[in-house]
$ cat coords23.pdb   # PDB, C-alpha atoms
MODEL        1
ATOM      1  CA  MET M   1       1.779 -24.944 -14.194  1.00  0.00           C
ATOM      2  CA  PHE M   2      -0.637 -22.382 -15.580  1.00  0.00           C
ATOM      3  CA  THR M   3      -0.526 -19.934 -18.479  1.00  0.00           C
ATOM      4  CA  GLY M   4      -2.553 -17.042 -17.090  1.00  0.00           C
ATOM      5  CA  ILE M   5      -5.139 -17.424 -19.847  1.00  0.00           C
ATOM      6  CA  VAL M   6      -8.359 -17.534 -17.828  1.00  0.00           C
ATOM      7  CA  ALA M   7     -10.886 -19.945 -19.326  1.00  0.00           C
ATOM      8  CA  THR M   8     -13.999 -18.545 -17.713  1.00  0.00           C
ATOM      9  CA  THR M   9     -15.464 -17.511 -14.375  1.00  0.00           C
ATOM     10  CA  ALA M  10     -17.081 -19.862 -11.869  1.00  0.00           C
ATOM     11  CA  LYS M  11     -19.645 -19.026  -9.201  1.00  0.00           C
ATOM     12  CA  VAL M  12     -18.944 -19.727  -5.534  1.00  0.00           C
ATOM     13  CA  ILE M  13     -21.877 -21.900  -4.425  1.00  0.00           C
ATOM     14  CA  GLU M  14     -20.963 -22.551  -0.788  1.00  0.00           C
ATOM     15  CA  ILE M  15     -18.218 -21.708   1.705  1.00  0.00           C
ATOM     16  CA  ILE M  16     -17.762 -24.091   4.622  1.00  0.00           C
ATOM     17  CA  LYS M  17     -15.701 -22.339   7.304  1.00  0.00           C
ATOM     18  CA  LYS M  18     -13.744 -24.042  10.067  1.00  0.00           C
ATOM     19  CA  GLU M  19     -10.939 -22.856  12.346  1.00  0.00           C
ATOM     20  CA  SER M  20      -8.093 -21.558  10.109  1.00  0.00           C
ATOM     21  CA  PHE M  21      -9.471 -23.682   7.267  1.00  0.00           C
ATOM     22  CA  GLN M  22     -12.343 -23.621   4.823  1.00  0.00           C
ATOM     23  CA  THR M  23     -13.821 -25.445   1.865  1.00  0.00           C
ATOM     24  CA  HIS M  24     -15.110 -23.781  -1.289  1.00  0.00           C
ATOM     25  CA  VAL M  25     -17.723 -25.328  -3.516  1.00  0.00           C
ATOM     26  CA  ILE M  26     -17.784 -23.732  -6.964  1.00  0.00           C
ATOM     27  CA  GLU M  27     -19.944 -24.273 -10.031  1.00  0.00           C
ATOM     28  CA  ILE M  28     -17.744 -24.695 -13.106  1.00  0.00           C
ATOM     29  CA  PRO M  29     -19.666 -24.197 -16.350  1.00  0.00           C
ATOM     30  CA  THR M  30     -19.627 -26.782 -19.128  1.00  0.00           C
ATOM     31  CA  PRO M  31     -17.324 -27.763 -20.827  1.00  0.00           C
ATOM     32  CA  TYR M  32     -14.609 -26.589 -18.417  1.00  0.00           C
ATOM     33  CA  GLN M  33     -15.434 -29.211 -15.772  1.00  0.00           C
ATOM     34  CA  GLN M  34     -15.196 -32.156 -18.172  1.00  0.00           C
ATOM     35  CA  ASN M  35     -12.780 -34.942 -17.141  1.00  0.00           C
ATOM     36  CA  LEU M  36     -11.983 -33.084 -13.917  1.00  0.00           C
ATOM     37  CA  GLU M  37     -10.901 -35.596 -11.277  1.00  0.00           C
ATOM     38  CA  ILE M  38     -10.004 -35.588  -7.581  1.00  0.00           C
ATOM     39  CA  GLY M  39      -6.388 -34.454  -7.191  1.00  0.00           C
ATOM     40  CA  ALA M  40      -6.419 -32.192 -10.249  1.00  0.00           C
ATOM     41  CA  SER M  41      -5.180 -28.593  -9.994  1.00  0.00           C
ATOM     42  CA  VAL M  42      -7.382 -25.602 -10.785  1.00  0.00           C
ATOM     43  CA  ALA M  43      -6.357 -21.970 -10.348  1.00  0.00           C
ATOM     44  CA  HIS M  44      -8.835 -19.787  -8.413  1.00  0.00           C
ATOM     45  CA  ASN M  45      -8.052 -16.114  -9.022  1.00  0.00           C
ATOM     46  CA  GLY M  46      -4.574 -17.390  -9.830  1.00  0.00           C
ATOM     47  CA  CYS M  47      -4.157 -19.529  -6.693  1.00  0.00           C
ATOM     48  CA  CYS M  48      -3.493 -23.211  -7.330  1.00  0.00           C
ATOM     49  CA  LEU M  49      -5.976 -25.432  -5.457  1.00  0.00           C
ATOM     50  CA  THR M  50      -6.554 -29.186  -5.494  1.00  0.00           C
ATOM     51  CA  VAL M  51      -9.887 -30.803  -6.333  1.00  0.00           C
ATOM     52  CA  THR M  52     -11.212 -32.816  -3.370  1.00  0.00           C
ATOM     53  CA  LYS M  53     -14.681 -33.771  -4.656  1.00  0.00           C
ATOM     54  CA  VAL M  54     -16.630 -33.574  -7.922  1.00  0.00           C
ATOM     55  CA  ASP M  55     -20.400 -33.768  -8.307  1.00  0.00           C
ATOM     56  CA  GLY M  56     -21.435 -32.790 -11.826  1.00  0.00           C
ATOM     57  CA  ASN M  57     -20.627 -29.101 -12.278  1.00  0.00           C
ATOM     58  CA  HIS M  58     -20.036 -28.608  -8.541  1.00  0.00           C
ATOM     59  CA  VAL M  59     -16.422 -28.979  -7.420  1.00  0.00           C
ATOM     60  CA  TRP M  60     -14.923 -28.867  -3.890  1.00  0.00           C
ATOM     61  CA  PHE M  61     -11.560 -27.366  -2.845  1.00  0.00           C
ATOM     62  CA  ASP M  62      -9.888 -27.045   0.576  1.00  0.00           C
ATOM     63  CA  LEU M  63      -8.052 -23.851   1.590  1.00  0.00           C
ATOM     64  CA  ILE M  64      -5.480 -23.935   4.388  1.00  0.00           C
ATOM     65  CA  GLU M  65      -4.584 -21.051   6.705  1.00  0.00           C
ATOM     66  CA  GLU M  66      -1.601 -19.904   4.596  1.00  0.00           C
ATOM     67  CA  THR M  67      -3.795 -19.673   1.487  1.00  0.00           C
ATOM     68  CA  LEU M  68      -6.412 -17.661   3.364  1.00  0.00           C
ATOM     69  CA  ARG M  69      -3.718 -15.322   4.712  1.00  0.00           C
ATOM     70  CA  LEU M  70      -1.918 -14.617   1.449  1.00  0.00           C
ATOM     71  CA  THR M  71      -4.797 -14.455  -1.045  1.00  0.00           C
ATOM     72  CA  ASN M  72      -8.182 -12.837  -1.527  1.00  0.00           C
ATOM     73  CA  LEU M  73      -9.985 -16.191  -1.447  1.00  0.00           C
ATOM     74  CA  GLY M  74     -10.781 -15.832   2.237  1.00  0.00           C
ATOM     75  CA  LEU M  75     -12.699 -12.635   1.420  1.00  0.00           C
ATOM     76  CA  LEU M  76     -15.118 -14.346  -0.954  1.00  0.00           C
ATOM     77  CA  ASP M  77     -18.837 -14.693  -0.363  1.00  0.00           C
ATOM     78  CA  ALA M  78     -21.231 -17.202  -1.904  1.00  0.00           C
ATOM     79  CA  GLY M  79     -22.512 -15.910  -5.233  1.00  0.00           C
ATOM     80  CA  GLN M  80     -19.300 -14.161  -6.247  1.00  0.00           C
ATOM     81  CA  LEU M  81     -17.389 -15.064  -9.403  1.00  0.00           C
ATOM     82  CA  ILE M  82     -13.789 -16.259  -9.506  1.00  0.00           C
ATOM     83  CA  ASN M  83     -11.406 -16.625 -12.439  1.00  0.00           C
ATOM     84  CA  ILE M  84     -10.536 -20.251 -13.136  1.00  0.00           C
ATOM     85  CA  GLU M  85      -7.910 -22.007 -15.230  1.00  0.00           C
ATOM     86  CA  ARG M  86      -7.244 -25.730 -15.503  1.00  0.00           C
ATOM     87  CA  ALA M  87      -3.618 -26.814 -15.217  1.00  0.00           C
ATOM     88  CA  ALA M  88      -1.669 -26.634 -18.475  1.00  0.00           C
ATOM     89  CA  ARG M  89      -0.843 -29.885 -20.281  1.00  0.00           C
ATOM     90  CA  PHE M  90       2.216 -30.691 -22.351  1.00  0.00           C
ATOM     91  CA  GLY M  91       1.584 -29.577 -25.904  1.00  0.00           C
ATOM     92  CA  ASP M  92      -0.862 -26.799 -24.953  1.00  0.00           C
ATOM     93  CA  GLU M  93      -0.341 -23.392 -26.511  1.00  0.00           C
ATOM     94  CA  ILE M  94       1.186 -20.946 -24.000  1.00  0.00           C
ATOM     95  CA  GLY M  95      -0.666 -17.753 -24.821  1.00  0.00           C
ATOM     96  CA  GLY M  96       0.221 -15.908 -21.627  1.00  0.00           C
ATOM     97  CA  HIS M  97       3.339 -16.616 -19.559  1.00  0.00           C
ATOM     98  CA  SER M  98       4.376 -19.462 -17.297  1.00  0.00           C
ATOM     99  CA  MET M  99       2.680 -19.140 -13.899  1.00  0.00           C
ATOM    100  CA  SER M 100       2.993 -21.367 -10.832  1.00  0.00           C
ATOM    101  CA  GLY M 101      -0.280 -20.543  -9.104  1.00  0.00           C
ATOM    102  CA  HIS M 102       1.651 -19.331  -6.036  1.00  0.00           C
ATOM    103  CA  ILE M 103       0.269 -15.981  -4.928  1.00  0.00           C
ATOM    104  CA  VAL M 104       2.768 -13.691  -3.170  1.00  0.00           C
ATOM    105  CA  GLY M 105       0.118 -11.418  -1.674  1.00  0.00           C
ATOM    106  CA  VAL M 106      -2.746  -9.086  -2.449  1.00  0.00           C
ATOM    107  CA  MET M 107      -2.753  -5.590  -3.941  1.00  0.00           C
ATOM    108  CA  THR M 108      -5.483  -2.943  -3.899  1.00  0.00           C
ATOM    109  CA  VAL M 109      -7.416  -1.417  -6.782  1.00  0.00           C
ATOM    110  CA  ARG M 110      -6.527   2.286  -6.690  1.00  0.00           C
ATOM    111  CA  GLN M 111      -8.196   3.686  -9.804  1.00  0.00           C
ATOM    112  CA  ILE M 112     -10.341   2.497 -12.735  1.00  0.00           C
ATOM    113  CA  ASN M 113     -10.406   4.443 -16.009  1.00  0.00           C
ATOM    114  CA  LYS M 114     -12.969   3.222 -18.551  1.00  0.00           C
ATOM    115  CA  THR M 115     -13.537   4.243 -22.160  1.00  0.00           C
ATOM    116  CA  GLU M 116     -15.820   2.739 -24.797  1.00  0.00           C
ATOM    117  CA  GLU M 117     -13.293   0.115 -25.888  1.00  0.00           C
ATOM    118  CA  ASN M 118     -10.698  -0.044 -23.113  1.00  0.00           C
ATOM    119  CA  CYS M 119     -10.315  -0.220 -19.367  1.00  0.00           C
ATOM    120  CA  GLN M 120      -7.243   0.810 -17.396  1.00  0.00           C
ATOM    121  CA  ILE M 121      -6.838  -0.267 -13.774  1.00  0.00           C
ATOM    122  CA  TRP M 122      -4.224   1.014 -11.314  1.00  0.00           C
ATOM    123  CA  PHE M 123      -3.105  -1.179  -8.413  1.00  0.00           C
ATOM    124  CA  ASP M 124      -1.264  -0.280  -5.214  1.00  0.00           C
ATOM    125  CA  VAL M 125       1.377  -2.944  -4.539  1.00  0.00           C
ATOM    126  CA  PRO M 126       2.938  -3.870  -1.169  1.00  0.00           C
ATOM    127  CA  ASN M 127       6.426  -2.363  -0.887  1.00  0.00           C
ATOM    128  CA  GLU M 128       8.251  -5.688  -0.742  1.00  0.00           C
ATOM    129  CA  TRP M 129       7.017  -6.684  -4.233  1.00  0.00           C
ATOM    130  CA  SER M 130       7.217  -3.370  -6.071  1.00  0.00           C
ATOM    131  CA  LYS M 131      10.837  -3.945  -7.189  1.00  0.00           C
ATOM    132  CA  TYR M 132       9.663  -6.871  -9.322  1.00  0.00           C
ATOM    133  CA  ILE M 133       7.088  -4.766 -11.197  1.00  0.00           C
ATOM    134  CA  LEU M 134       8.765  -3.482 -14.358  1.00  0.00           C
ATOM    135  CA  HIS M 135       7.397  -1.535 -17.328  1.00  0.00           C
ATOM    136  CA  LYS M 136       6.308  -4.023 -20.031  1.00  0.00           C
ATOM    137  CA  GLY M 137       7.024  -6.938 -17.699  1.00  0.00           C
ATOM    138  CA  TYR M 138       4.533  -9.681 -16.849  1.00  0.00           C
ATOM    139  CA  VAL M 139       2.413 -10.186 -13.755  1.00  0.00           C
ATOM    140  CA  GLY M 140      -0.454 -12.413 -12.689  1.00  0.00           C
ATOM    141  CA  VAL M 141      -3.537 -10.371 -11.712  1.00  0.00           C
ATOM    142  CA  ASP M 142      -6.188 -12.614 -10.133  1.00  0.00           C
ATOM    143  CA  GLY M 143      -4.762 -15.366 -12.318  1.00  0.00           C
ATOM    144  CA  ILE M 144      -4.707 -13.339 -15.544  1.00  0.00           C
ATOM    145  CA  SER M 145      -1.422 -12.983 -17.412  1.00  0.00           C
ATOM    146  CA  LEU M 146      -1.086  -9.251 -18.079  1.00  0.00           C
ATOM    147  CA  THR M 147       1.575  -6.860 -19.328  1.00  0.00           C
ATOM    148  CA  VAL M 148       2.552  -4.064 -16.958  1.00  0.00           C
ATOM    149  CA  GLY M 149       1.725  -0.607 -18.295  1.00  0.00           C
ATOM    150  CA  ASP M 150       2.916   2.452 -16.401  1.00  0.00           C
ATOM    151  CA  VAL M 151       4.693   2.129 -13.062  1.00  0.00           C
ATOM    152  CA  ASP M 152       4.859   4.685 -10.243  1.00  0.00           C
ATOM    153  CA  GLU M 153       6.141   4.734  -6.661  1.00  0.00           C
ATOM    154  CA  CYS M 154       3.008   3.000  -5.337  1.00  0.00           C
ATOM    155  CA  GLY M 155       2.153   0.449  -8.010  1.00  0.00           C
ATOM    156  CA  PHE M 156       1.298  -0.033 -11.659  1.00  0.00           C
ATOM    157  CA  ASN M 157      -1.505  -0.144 -14.197  1.00  0.00           C
ATOM    158  CA  VAL M 158      -2.754  -2.592 -16.809  1.00  0.00           C
ATOM    159  CA  ASN M 159      -4.784  -1.943 -19.936  1.00  0.00           C
ATOM    160  CA  LEU M 160      -7.603  -4.395 -20.603  1.00  0.00           C
ATOM    161  CA  ILE M 161      -9.270  -5.213 -23.910  1.00  0.00           C
ATOM    162  CA  PRO M 162     -13.006  -6.092 -24.087  1.00  0.00           C
ATOM    163  CA  GLU M 163     -12.222  -9.830 -24.441  1.00  0.00           C
ATOM    164  CA  THR M 164     -10.419  -9.845 -21.075  1.00  0.00           C
ATOM    165  CA  LEU M 165     -13.279  -8.000 -19.410  1.00  0.00           C
ATOM    166  CA  GLU M 166     -15.810 -10.406 -20.937  1.00  0.00           C
ATOM    167  CA  ARG M 167     -13.985 -13.580 -19.896  1.00  0.00           C
ATOM    168  CA  THR M 168     -12.814 -12.612 -16.381  1.00  0.00           C
ATOM    169  CA  ASN M 169     -14.142 -11.015 -13.200  1.00  0.00           C
ATOM    170  CA  LEU M 170     -12.112  -7.797 -13.593  1.00  0.00           C
ATOM    171  CA  SER M 171     -15.143  -6.055 -15.117  1.00  0.00           C
ATOM    172  CA  GLN M 172     -16.825  -6.331 -11.695  1.00  0.00           C
ATOM    173  CA  ARG M 173     -13.942  -4.954  -9.662  1.00  0.00           C
ATOM    174  CA  SER M 174     -14.230  -1.688  -7.729  1.00  0.00           C
ATOM    175  CA  ILE M 175     -11.816   0.737  -6.085  1.00  0.00           C
ATOM    176  CA  GLY M 176     -10.520  -0.765  -2.844  1.00  0.00           C
ATOM    177  CA  ASP M 177     -10.938  -4.393  -3.923  1.00  0.00           C
ATOM    178  CA  LYS M 178      -8.152  -6.816  -3.020  1.00  0.00           C
ATOM    179  CA  ILE M 179      -6.532  -8.587  -5.985  1.00  0.00           C
ATOM    180  CA  ASN M 180      -4.188 -11.587  -6.006  1.00  0.00           C
ATOM    181  CA  LEU M 181      -0.676 -10.865  -7.285  1.00  0.00           C
ATOM    182  CA  GLU M 182       1.773 -13.362  -8.755  1.00  0.00           C
ATOM    183  CA  ILE M 183       5.227 -12.110  -9.715  1.00  0.00           C
ATOM    184  CA  ASP M 184       6.890 -13.348 -12.900  1.00  0.00           C
ATOM    185  CA  PRO M 185       9.495 -15.842 -11.548  1.00  0.00           C
ATOM    186  CA  GLN M 186      12.079 -14.961 -14.199  1.00  0.00           C
ATOM    187  CA  THR M 187      11.872 -11.271 -13.314  1.00  0.00           C
ATOM    188  CA  GLN M 188      12.169 -12.103  -9.616  1.00  0.00           C
ATOM    189  CA  ALA M 189      15.234 -14.305 -10.227  1.00  0.00           C
ATOM    190  CA  ILE M 190      16.986 -11.588 -12.261  1.00  0.00           C
ATOM    191  CA  VAL M 191      16.266  -8.822  -9.730  1.00  0.00           C
ATOM    192  CA  ASP M 192      17.367 -10.971  -6.782  1.00  0.00           C
ATOM    193  CA  THR M 193      20.560 -12.030  -8.589  1.00  0.00           C
ATOM    194  CA  VAL M 194      21.492  -8.437  -9.446  1.00  0.00           C
ATOM    195  CA  GLU M 195      20.884  -7.401  -5.839  1.00  0.00           C
ATOM    196  CA  ARG M 196      23.170 -10.179  -4.538  1.00  0.00           C
ATOM    197  CA  VAL M 197      25.933  -9.303  -7.012  1.00  0.00           C
ATOM    198  CA  LEU M 198      25.812  -5.609  -6.087  1.00  0.00           C
ATOM    199  CA  ALA M 199      25.775  -6.439  -2.390  1.00  0.00           C
ATOM    200  CA  ASN M 200      28.877  -8.634  -2.765  1.00  0.00           C
ATOM    201  CA  GLN M 201      30.652  -5.915  -4.755  1.00  0.00           C
ATOM    202  CA  ASN M 202      29.955  -3.386  -2.018  1.00  0.00           C
ATOM    203  CA  LYS M 203      31.481  -5.753   0.563  1.00  0.00           C
ATOM    204  CA  ALA M 204      34.658  -6.210  -1.480  1.00  0.00           C
TER     205      ALA M 204
ENDMDL
END
$ encode --input "coords23.pdb" --output "C-alpha cells"
Amino acid sequence: MFTGIVATTAKVIEIIKKESFQTHVIEIPTPYQQNLEIGASVAHNGCCLTVTKVDGNHVWFDLIEETLRLTNLGLLDAGQLINIERAARFGDEIGGHSMSGHIVGVMTVRQINKTEENCQIWFDVPNEWSKYILHKGYVGVDGISLTVGDVDECGFNVNLIPETLERTNLSQRSIGDKINLEIDPQTQAIVDTVERVLANQNKA
C-alpha cells in the first residue's frame, strides 16, 4: 500500500529493453534507498514495482508487458526523473489517501496555468474512467495523491502548491505528456455499486 505522498524523484540511469519486457535501473537519492532490499515495493510514478537488485544508490526493477501497456513507464528515457514512494508501513502517518499502486491507464496533459505561487494542470481522461473523477474527490497523478478541482466533459484539473512542484516531477511536465492515473478505490466501488443497483431497478 502507498499513501500518494511522494518522497522525492529518482533519475533513470539505464533502460534494458527486451521483447515485451524491460528493466529499469534508477538512482535513488540518500536517505530514501536505506534498508531497501530485494523484494521490496517501490512506486514509480504511482506504479508498484518490485526491487530485483540493489547496488548502493542504484536499484533495478523489472517491467512486464502489462505494465508497459498501461503506464507511462515504457515511454521513459535514461536521464528522466520519476516520482518514487516506498511502501507504507504500519504506524506510518497517512497524509494522502490509500493507494494500491495499480495504474488504470494514462491521461494527457491538456493545459498548464502557472502563477507566482500556484500551478493548475488540466488532464484529458479516457472515457471509461471519467465517471470516477468527482469534484473534490481523490486521484493518483503519477503517484501523487491529489484532490480533484474542476471537472468537465473531457477531464479534470488539479491545483499544485510550490511544495508539490519542488518534490515531484510535475514541474517538468508539458502539454501532451502522458500521466499515470490511479482511481480512488472507494469512489470506484461506490460508483459501480450505484450503477448495479440502478440497472437492477430498471430490469424490475
$ residues_near_point --input "coords23.pdb" --point "(-2.0, 0.0, -11.5)" --cutoff "10 Å" --atoms "all atoms listed in the file" --output "PyMOL selection string"
chain M and resi 107-112+120-125+148-152+154-159
$ resolve_selection --input "coords23.pdb" --expression "the PyMOL selection byres ((chain M and resi 183) around 10)" --output "ChimeraX atom specification"
/M:99-100,102-105,129-130,132-133,137-141,181-182,184-188
$ resolve_selection --input "coords23.pdb" --expression "the PyMOL selection byres ((chain M and resi 47) around 9)" --output "MDAnalysis selection string"
chainID M and resid 42:46 48:49 67 71 73 100:103 142:143 180 182
$ atom_distance --input "coords23.pdb" --atom1 "atom CA of Ile175 of chain M" --atom2 "atom CA of Leu76 of chain M"
16.3 Å
$ resolve_selection --input "coords23.pdb" --expression "the PyMOL selection byres ((chain M and resi 85) around 9)" --output "list in words"
Phe2, Thr3, Gly4, Ile5, Val6, Ala7, Thr8, Thr9, Tyr32, Ser41, Val42, Ala43, His44, Asn45, Gly46, Asn83, Ile84, Arg86, Ala87, Ala88 and Gly143 of chain M
$ residues_near_point --input "coords23.pdb" --point "(-20.6, -16.0, -2.2)" --cutoff "8 Å" --atoms "only C-alpha atoms" --output "PyMOL selection string"
chain M and resi 11-15+76-81
$ write_last_selection --input "coords23.pdb" --atoms "C-alpha atoms" --output "mmCIF file, in the coordinates of the input"
data_model
loop_
_atom_site.group_PDB
_atom_site.id
_atom_site.type_symbol
_atom_site.label_atom_id
_atom_site.label_comp_id
_atom_site.auth_asym_id
_atom_site.auth_seq_id
_atom_site.Cartn_x
_atom_site.Cartn_y
_atom_site.Cartn_z
ATOM 1 C CA LYS M 11 -19.645 -19.026 -9.201
ATOM 2 C CA VAL M 12 -18.944 -19.727 -5.534
ATOM 3 C CA ILE M 13 -21.877 -21.900 -4.425
ATOM 4 C CA GLU M 14 -20.963 -22.551 -0.788
ATOM 5 C CA ILE M 15 -18.218 -21.708 1.705
ATOM 6 C CA LEU M 76 -15.118 -14.346 -0.954
ATOM 7 C CA ASP M 77 -18.837 -14.693 -0.363
ATOM 8 C CA ALA M 78 -21.231 -17.202 -1.904
ATOM 9 C CA GLY M 79 -22.512 -15.910 -5.233
ATOM 10 C CA GLN M 80 -19.300 -14.161 -6.247
ATOM 11 C CA LEU M 81 -17.389 -15.064 -9.403
#
$ atom_distance --input "coords23.pdb" --atom1 "atom CA of His135 of chain M" --atom2 "atom CA of Val197 of chain M"
22.6 Å
$ closest_residue --input "coords23.pdb" --among "M:Thr147, M:Ile82, M:Asn72, M:Lys136" --to "Asp177 of chain M" --atoms "only C-alpha atoms"
M:Asn72
$ closest_residue --input "coords23.pdb" --among "M:Leu75, M:Glu117, M:Asp62, M:Arg167" --to "Ile16 of chain M" --atoms "all atoms listed in the file"
M:Asp62
$ atom_distance --input "coords23.pdb" --atom1 "atom CA of Phe61 of chain M" --atom2 "atom CA of Val25 of chain M"
6.5 Å
$ residues_around --input "coords23.pdb" --residues "Val54 of chain M" --least-positions-apart "6" --cutoff "7 Å" --atoms "all atoms listed in the file" --output "list in words"
Glu37, Ile38 and Trp60 of chain M
$ residues_around --input "coords23.pdb" --residues "segment 27-29 of chain M" --least-positions-apart "4" --cutoff "6 Å" --atoms "all atoms listed in the file" --output "PyMOL selection string"
chain M and resi 10-11+33+57-58
$ decode --input "coords23.pdb" --residues "segment 124-138 of chain M" --atoms "N, CA, C and O atoms" --output "mmCIF file, in the first residue's frame"
data_model
loop_
_atom_site.group_PDB
_atom_site.id
_atom_site.type_symbol
_atom_site.label_atom_id
_atom_site.label_comp_id
_atom_site.auth_asym_id
_atom_site.auth_seq_id
_atom_site.Cartn_x
_atom_site.Cartn_y
_atom_site.Cartn_z
ATOM 1 N N ASP M 124 -6.800 15.415 -19.763
ATOM 2 C CA ASP M 124 -7.847 14.707 -20.502
ATOM 3 C C ASP M 124 -7.809 13.242 -20.084
ATOM 4 O O ASP M 124 -6.749 12.607 -20.107
ATOM 5 N N VAL M 125 -8.969 12.713 -19.689
ATOM 6 C CA VAL M 125 -9.068 11.368 -19.128
ATOM 7 C C VAL M 125 -9.790 10.449 -20.106
ATOM 8 O O VAL M 125 -10.796 10.841 -20.702
ATOM 9 N N PRO M 126 -9.310 9.212 -20.286
ATOM 10 C CA PRO M 126 -10.042 8.250 -21.123
ATOM 11 C C PRO M 126 -11.484 8.101 -20.646
ATOM 12 O O PRO M 126 -11.760 8.093 -19.445
ATOM 13 N N ASN M 127 -12.392 7.974 -21.586
ATOM 14 C CA ASN M 127 -13.837 7.949 -21.305
ATOM 15 C C ASN M 127 -14.233 6.946 -20.233
ATOM 16 O O ASN M 127 -15.080 7.220 -19.389
ATOM 17 N N GLU M 128 -13.632 5.778 -20.254
ATOM 18 C CA GLU M 128 -14.041 4.703 -19.348
ATOM 19 C C GLU M 128 -13.779 5.023 -17.882
ATOM 20 O O GLU M 128 -14.393 4.429 -16.984
ATOM 21 N N TRP M 129 -12.887 5.995 -17.602
ATOM 22 C CA TRP M 129 -12.531 6.325 -16.218
ATOM 23 C C TRP M 129 -13.114 7.638 -15.749
ATOM 24 O O TRP M 129 -13.028 7.954 -14.558
ATOM 25 N N SER M 130 -13.696 8.409 -16.650
ATOM 26 C CA SER M 130 -14.162 9.750 -16.289
ATOM 27 C C SER M 130 -15.278 9.728 -15.241
ATOM 28 O O SER M 130 -15.406 10.657 -14.441
ATOM 29 N N LYS M 131 -16.080 8.657 -15.201
ATOM 30 C CA LYS M 131 -17.187 8.607 -14.233
ATOM 31 C C LYS M 131 -16.704 8.492 -12.794
ATOM 32 O O LYS M 131 -17.463 8.729 -11.850
ATOM 33 N N TYR M 132 -15.443 8.131 -12.608
ATOM 34 C CA TYR M 132 -14.883 8.010 -11.263
ATOM 35 C C TYR M 132 -14.183 9.288 -10.808
ATOM 36 O O TYR M 132 -13.655 9.337 -9.690
ATOM 37 N N ILE M 133 -14.139 10.297 -11.669
ATOM 38 C CA ILE M 133 -13.490 11.564 -11.339
ATOM 39 C C ILE M 133 -14.559 12.533 -10.851
ATOM 40 O O ILE M 133 -15.375 13.026 -11.635
ATOM 41 N N LEU M 134 -14.560 12.822 -9.555
ATOM 42 C CA LEU M 134 -15.587 13.650 -8.951
ATOM 43 C C LEU M 134 -14.972 14.890 -8.312
ATOM 44 O O LEU M 134 -13.863 14.836 -7.758
ATOM 45 N N HIS M 135 -15.677 15.993 -8.370
ATOM 46 C CA HIS M 135 -15.224 17.245 -7.756
ATOM 47 C C HIS M 135 -14.908 17.023 -6.281
ATOM 48 O O HIS M 135 -15.725 16.484 -5.538
ATOM 49 N N LYS M 136 -13.699 17.405 -5.878
ATOM 50 C CA LYS M 136 -13.191 17.260 -4.508
ATOM 51 C C LYS M 136 -12.914 15.807 -4.125
ATOM 52 O O LYS M 136 -12.656 15.508 -2.955
ATOM 53 N N GLY M 137 -12.955 14.897 -5.102
ATOM 54 C CA GLY M 137 -12.554 13.527 -4.838
ATOM 55 C C GLY M 137 -11.037 13.400 -4.901
ATOM 56 O O GLY M 137 -10.313 14.386 -5.095
ATOM 57 N N TYR M 138 -10.551 12.163 -4.741
ATOM 58 C CA TYR M 138 -9.113 11.913 -4.755
ATOM 59 C C TYR M 138 -8.724 11.098 -5.977
ATOM 60 O O TYR M 138 -9.455 10.215 -6.408
#
